[in-house]
Amino acid sequence: IQELLDREAIKELKARYCRFVDTQQWHRLRTLFDPATRFEGFGSAPSGASVDDFIAGISARFAGVVSIHHVHTPEIAFKGPDAARAIWPMQDYVHFPPGVVIKEAPGTAGFIGYGHYEEEYARGPDGWRFMFLRLTRIRLDPLPVDHTPVRRGALLADPAWL
């Protein structure tokens with residue numbers, strides 16, 4: 001029973017990660033990471049980056065960006081009662097404001113990406129937290145410069161809903 005509860009807690013941690021990135025709640029995103037967390041494969045921070053470097057990088061890079069992150073069907077393996085690893089298939093849509101140079105897709109408006117997150121977690125006094133995140137890419141489909149302009153919905157997400 002405990003392993004099932006831990007799996008659900010890790011899934012909720014990842015769901016919050018995607019929501020906080022897409023709604024640009026950087027202060028809340030920071031709370032998901034253990035202070036020793038390291039990152040690899042992200043365009044917003046160099047490999048080995050700290051939590052502070054990652055938050056500073058993604059908040060600057062995603063200013064004015066519309067992003068949508070989806071993760072699916074995780075494989076979760078427990079390495080002990082308080083440690084786990086997972087692989088999450090992922091897809092992201094990232095649309096940058098006009099004039100931004102995108103290193104992954106120069107001369108475009110953004111991309112739709114496909115790949116996997118490889119992650120490590122640790123349980124601490126406040127529950128499960130990320131310890132390591134690696135983003136791997138299988139494919140990037142560029143969005144042409146004349147891609148349909150972003151249309152936001154009339155009702156934005158309420159950051160305090162949960």
# chains A, B, ... in the order shown; residues from 1 in each chain; ligands from 1
>>> closest_atom_pairs(of="stretch 108-160 of chain A", to="stretch 94-100 of chain A", cutoff="6 Å", atoms="only C-alpha atoms", output="JSON lines")
{"residue": "A:Ala109", "atom": "CA", "partner": "A:Phe96", "partner_atom": "CA", "distance": 5.7}
{"residue": "A:Gly110", "atom": "CA", "partner": "A:His95", "partner_atom": "CA", "distance": 4.6}
{"residue": "A:Phe111", "atom": "CA", "partner": "A:Val94", "partner_atom": "CA", "distance": 5.5}
>>> select_by_dssp(residues="chain A", states="strand (DSSP E or B)", output="VMD selection string")
chain A and resid 33 to 40 49 66 to 71 75 to 80 83 to 95 110 to 124 127 to 143
>>> select_by_dssp(residues="stretch 5-161 of chain A", states="alpha helix (DSSP H)", output="PyMOL selection string")
chain A and resi 5-22+26-30+51-61
>>> write_last_selection(atoms="N, CA, C and O atoms", output="short mmCIF file (atom, residue, chain, number, x, y, z; two decimals), in the first residue's frame")
data_model
loop_
_atom_site.label_atom_id
_atom_site.label_comp_id
_atom_site.auth_asym_id
_atom_site.auth_seq_id
_atom_site.Cartn_x
_atom_site.Cartn_y
_atom_site.Cartn_z
N LEU A 5 0.93 4.53 -2.59
CA LEU A 5 0.80 5.92 -2.13
C LEU A 5 2.00 6.76 -2.57
O LEU A 5 1.84 7.91 -3.00
N ASP A 6 3.20 6.19 -2.49
CA ASP A 6 4.40 6.91 -2.92
C ASP A 6 4.38 7.16 -4.43
O ASP A 6 4.77 8.24 -4.88
N ARG A 7 3.93 6.19 -5.21
CA ARG A 7 3.80 6.39 -6.66
C ARG A 7 2.88 7.57 -6.96
O ARG A 7 3.18 8.41 -7.81
N GLU A 8 1.76 7.62 -6.29
CA GLU A 8 0.81 8.71 -6.52
C GLU A 8 1.40 10.05 -6.09
O GLU A 8 1.20 11.07 -6.76
N ALA A 9 2.15 10.06 -5.00
CA ALA A 9 2.78 11.31 -4.55
C ALA A 9 3.81 11.80 -5.57
O ALA A 9 3.90 13.00 -5.85
N ILE A 10 4.57 10.89 -6.17
CA ILE A 10 5.56 11.26 -7.19
C ILE A 10 4.84 11.75 -8.44
O ILE A 10 5.26 12.74 -9.06
N LYS A 11 3.75 11.11 -8.82
CA LYS A 11 2.97 11.58 -9.98
C LYS A 11 2.44 12.99 -9.74
O LYS A 11 2.45 13.83 -10.66
N GLU A 12 1.96 13.26 -8.54
CA GLU A 12 1.46 14.61 -8.24
C GLU A 12 2.60 15.63 -8.24
O GLU A 12 2.41 16.77 -8.68
N LEU A 13 3.77 15.24 -7.77
CA LEU A 13 4.93 16.13 -7.82
C LEU A 13 5.23 16.52 -9.26
O LEU A 13 5.43 17.70 -9.58
N LYS A 14 5.22 15.54 -10.16
CA LYS A 14 5.50 15.83 -11.57
C LYS A 14 4.38 16.66 -12.20
O LYS A 14 4.65 17.56 -13.00
N ALA A 15 3.14 16.41 -11.84
CA ALA A 15 2.03 17.21 -12.35
C ALA A 15 2.18 18.68 -11.92
O ALA A 15 1.96 19.59 -12.73
N ARG A 16 2.57 18.90 -10.67
CA ARG A 16 2.79 20.27 -10.20
C ARG A 16 3.94 20.91 -10.97
O ARG A 16 3.87 22.09 -11.33
N TYR A 17 5.00 20.15 -11.24
CA TYR A 17 6.12 20.68 -12.03
C TYR A 17 5.61 21.22 -13.37
O TYR A 17 5.90 22.35 -13.75
N CYS A 18 4.85 20.41 -14.10
CA CYS A 18 4.35 20.83 -15.41
C CYS A 18 3.44 22.06 -15.28
O CYS A 18 3.57 23.02 -16.06
N ARG A 19 2.55 22.05 -14.31
CA ARG A 19 1.63 23.18 -14.15
C ARG A 19 2.36 24.45 -13.76
O ARG A 19 2.10 25.52 -14.30
N PHE A 20 3.31 24.34 -12.84
CA PHE A 20 4.03 25.55 -12.39
C PHE A 20 4.90 26.13 -13.51
O PHE A 20 5.05 27.34 -13.61
N VAL A 21 5.48 25.28 -14.36
CA VAL A 21 6.24 25.78 -15.50
C VAL A 21 5.30 26.49 -16.46
O VAL A 21 5.54 27.63 -16.88
N ASP A 22 4.20 25.83 -16.83
CA ASP A 22 3.29 26.39 -17.84
C ASP A 22 2.55 27.65 -17.37
O ASP A 22 2.20 28.49 -18.18
N TRP A 26 7.09 30.57 -10.67
CA TRP A 26 8.48 30.23 -10.37
C TRP A 26 8.72 30.03 -8.89
O TRP A 26 9.50 29.14 -8.51
N HIS A 27 8.10 30.82 -8.03
CA HIS A 27 8.28 30.67 -6.58
C HIS A 27 7.73 29.33 -6.10
O HIS A 27 8.30 28.70 -5.21
N ARG A 28 6.65 28.86 -6.70
CA ARG A 28 6.09 27.56 -6.33
C ARG A 28 6.90 26.43 -6.95
O ARG A 28 7.06 25.37 -6.32
N LEU A 29 7.40 26.63 -8.16
CA LEU A 29 8.24 25.61 -8.80
C LEU A 29 9.44 25.29 -7.92
O LEU A 29 9.79 24.13 -7.73
N ARG A 30 10.06 26.31 -7.36
CA ARG A 30 11.25 26.13 -6.52
C ARG A 30 10.98 25.17 -5.35
O ARG A 30 11.87 24.42 -4.95
N VAL A 51 19.46 24.47 -8.34
CA VAL A 51 18.07 24.90 -8.35
C VAL A 51 18.00 26.40 -8.65
O VAL A 51 17.19 26.84 -9.48
N ASP A 52 18.84 27.20 -7.99
CA ASP A 52 18.82 28.65 -8.23
C ASP A 52 19.12 28.98 -9.69
O ASP A 52 18.45 29.83 -10.29
N ASP A 53 20.10 28.29 -10.26
CA ASP A 53 20.45 28.53 -11.68
C ASP A 53 19.30 28.12 -12.60
O ASP A 53 18.99 28.81 -13.56
N PHE A 54 18.68 27.00 -12.30
CA PHE A 54 17.57 26.53 -13.12
C PHE A 54 16.39 27.51 -13.06
O PHE A 54 15.84 27.88 -14.09
N ILE A 55 16.00 27.92 -11.87
CA ILE A 55 14.85 28.84 -11.72
C ILE A 55 15.17 30.17 -12.40
O ILE A 55 14.33 30.73 -13.11
N ALA A 56 16.37 30.69 -12.20
CA ALA A 56 16.75 31.96 -12.85
C ALA A 56 16.73 31.79 -14.37
O ALA A 56 16.24 32.66 -15.10
N GLY A 57 17.25 30.67 -14.86
CA GLY A 57 17.31 30.44 -16.30
C GLY A 57 15.95 30.26 -16.93
O GLY A 57 15.64 30.88 -17.96
N ILE A 58 15.10 29.44 -16.32
CA ILE A 58 13.80 29.19 -16.94
C ILE A 58 12.89 30.41 -16.84
O ILE A 58 12.15 30.72 -17.77
N SER A 59 12.95 31.13 -15.74
CA SER A 59 12.09 32.32 -15.60
C SER A 59 12.49 33.39 -16.60
O SER A 59 11.63 34.08 -17.15
N ALA A 60 13.77 33.53 -16.89
CA ALA A 60 14.22 34.51 -17.88
C ALA A 60 13.89 34.02 -19.29
O ALA A 60 13.36 34.77 -20.11
N ARG A 61 14.19 32.77 -19.57
CA ARG A 61 13.98 32.24 -20.93
C ARG A 61 12.51 32.16 -21.29
O ARG A 61 12.13 32.35 -22.45
#
>>> residues_around(residues="A:Gly107", least_positions_apart="6", cutoff="10 Å", atoms="only C-alpha atoms", output="list in words")
Gly99, Val100, Val101, Pro142, Leu143, Pro144 and Val145 of chain A
>>> residues_around(residues="stretch 82-84 of chain A", least_positions_apart="6", cutoff="6 Å", atoms="only C-alpha atoms", output="ChimeraX atom specification")
/A:120-123
>>> residues_around(residues="A:Arg137", least_positions_apart="3", cutoff="12 Å", atoms="only C-alpha atoms", output="JSON, numbers by chain")
{"A": [40, 41, 42, 43, 88, 89, 90, 91, 92, 104, 111, 112, 113, 114, 115, 116, 117, 118, 134, 140, 141]}
>>> atom_distance(atom1="atom CA of A:Pro81", atom2="atom CA of A:Leu135")
25.1 Å
>>> decode(residues="stretch 93-105 of chain A", atoms="all heavy atoms", output="compact mmCIF listing (two decimals), in the first residue's frame")
# COMPACT_ATOMS: atom_id res chain seq x y z
N TYR A 93 5.11 21.92 -26.03
CA TYR A 93 4.87 22.95 -27.04
C TYR A 93 5.41 24.23 -26.44
O TYR A 93 5.03 24.60 -25.32
CB TYR A 93 3.36 23.06 -27.29
CG TYR A 93 2.96 24.27 -28.11
CD1 TYR A 93 2.81 24.17 -29.49
CD2 TYR A 93 2.72 25.50 -27.51
CE1 TYR A 93 2.44 25.27 -30.25
CE2 TYR A 93 2.33 26.60 -28.26
CZ TYR A 93 2.20 26.49 -29.62
OH TYR A 93 1.83 27.58 -30.36
N VAL A 94 6.33 24.87 -27.13
CA VAL A 94 6.95 26.09 -26.62
C VAL A 94 6.92 27.14 -27.72
O VAL A 94 7.56 26.97 -28.77
CB VAL A 94 8.40 25.83 -26.13
CG1 VAL A 94 8.96 27.08 -25.47
CG2 VAL A 94 8.45 24.65 -25.15
N HIS A 95 6.16 28.20 -27.49
CA HIS A 95 6.00 29.28 -28.48
C HIS A 95 6.58 30.55 -27.88
O HIS A 95 6.11 31.04 -26.85
CB HIS A 95 4.52 29.47 -28.82
CG HIS A 95 4.29 30.41 -29.96
ND1 HIS A 95 4.12 31.76 -29.78
CD2 HIS A 95 4.22 30.19 -31.29
CE1 HIS A 95 3.94 32.33 -30.96
NE2 HIS A 95 4.00 31.40 -31.90
N PHE A 96 7.64 31.08 -28.53
CA PHE A 96 8.35 32.25 -28.03
C PHE A 96 7.77 33.52 -28.64
O PHE A 96 7.22 33.50 -29.74
CB PHE A 96 9.84 32.14 -28.37
CG PHE A 96 10.56 31.07 -27.59
CD1 PHE A 96 10.55 29.75 -28.02
CD2 PHE A 96 11.24 31.39 -26.42
CE1 PHE A 96 11.21 28.77 -27.30
CE2 PHE A 96 11.90 30.41 -25.70
CZ PHE A 96 11.89 29.10 -26.14
N PRO A 97 7.96 34.66 -27.96
CA PRO A 97 7.53 35.94 -28.55
C PRO A 97 8.36 36.25 -29.80
O PRO A 97 9.48 35.75 -29.95
CB PRO A 97 7.82 36.96 -27.45
CG PRO A 97 8.15 36.21 -26.22
CD PRO A 97 8.52 34.81 -26.62
N PRO A 98 7.83 37.08 -30.69
CA PRO A 98 8.58 37.45 -31.90
C PRO A 98 9.95 38.04 -31.56
O PRO A 98 10.10 38.76 -30.58
CB PRO A 98 7.69 38.51 -32.56
CG PRO A 98 6.33 38.26 -32.02
CD PRO A 98 6.52 37.72 -30.62
N GLY A 99 10.93 37.69 -32.39
CA GLY A 99 12.27 38.26 -32.23
C GLY A 99 13.20 37.49 -31.32
O GLY A 99 14.39 37.79 -31.26
N VAL A 100 12.69 36.49 -30.61
CA VAL A 100 13.55 35.70 -29.72
C VAL A 100 14.29 34.66 -30.55
O VAL A 100 13.69 33.97 -31.37
CB VAL A 100 12.73 35.01 -28.61
CG1 VAL A 100 13.59 34.06 -27.80
CG2 VAL A 100 12.06 36.04 -27.71
N VAL A 101 15.60 34.56 -30.34
CA VAL A 101 16.40 33.55 -31.04
C VAL A 101 16.35 32.26 -30.21
O VAL A 101 16.69 32.27 -29.03
CB VAL A 101 17.86 34.02 -31.24
CG1 VAL A 101 18.68 32.91 -31.87
CG2 VAL A 101 17.89 35.28 -32.08
N ILE A 102 15.94 31.19 -30.83
CA ILE A 102 15.75 29.91 -30.14
C ILE A 102 16.88 28.99 -30.55
O ILE A 102 16.98 28.58 -31.71
CB ILE A 102 14.38 29.32 -30.52
CG1 ILE A 102 13.29 30.33 -30.20
CG2 ILE A 102 14.15 28.01 -29.81
CD1 ILE A 102 12.09 30.22 -31.09
N LYS A 103 17.75 28.66 -29.60
CA LYS A 103 18.94 27.89 -29.95
C LYS A 103 18.61 26.49 -30.46
O LYS A 103 19.31 25.96 -31.30
CB LYS A 103 19.93 27.83 -28.79
CG LYS A 103 19.45 27.11 -27.57
CD LYS A 103 20.50 27.16 -26.47
CE LYS A 103 20.00 26.54 -25.20
NZ LYS A 103 20.96 26.63 -24.13
N GLU A 104 17.51 25.88 -29.99
CA GLU A 104 17.14 24.55 -30.46
C GLU A 104 16.55 24.58 -31.86
O GLU A 104 16.55 23.55 -32.55
CB GLU A 104 16.10 23.90 -29.52
CG GLU A 104 16.57 23.69 -28.10
CD GLU A 104 16.27 24.87 -27.20
OE1 GLU A 104 15.99 25.98 -27.70
OE2 GLU A 104 16.33 24.68 -25.98
N ALA A 105 15.99 25.73 -32.27
CA ALA A 105 15.31 25.83 -33.56
C ALA A 105 15.47 27.25 -34.10
O ALA A 105 14.51 28.02 -34.12
CB ALA A 105 13.84 25.45 -33.41
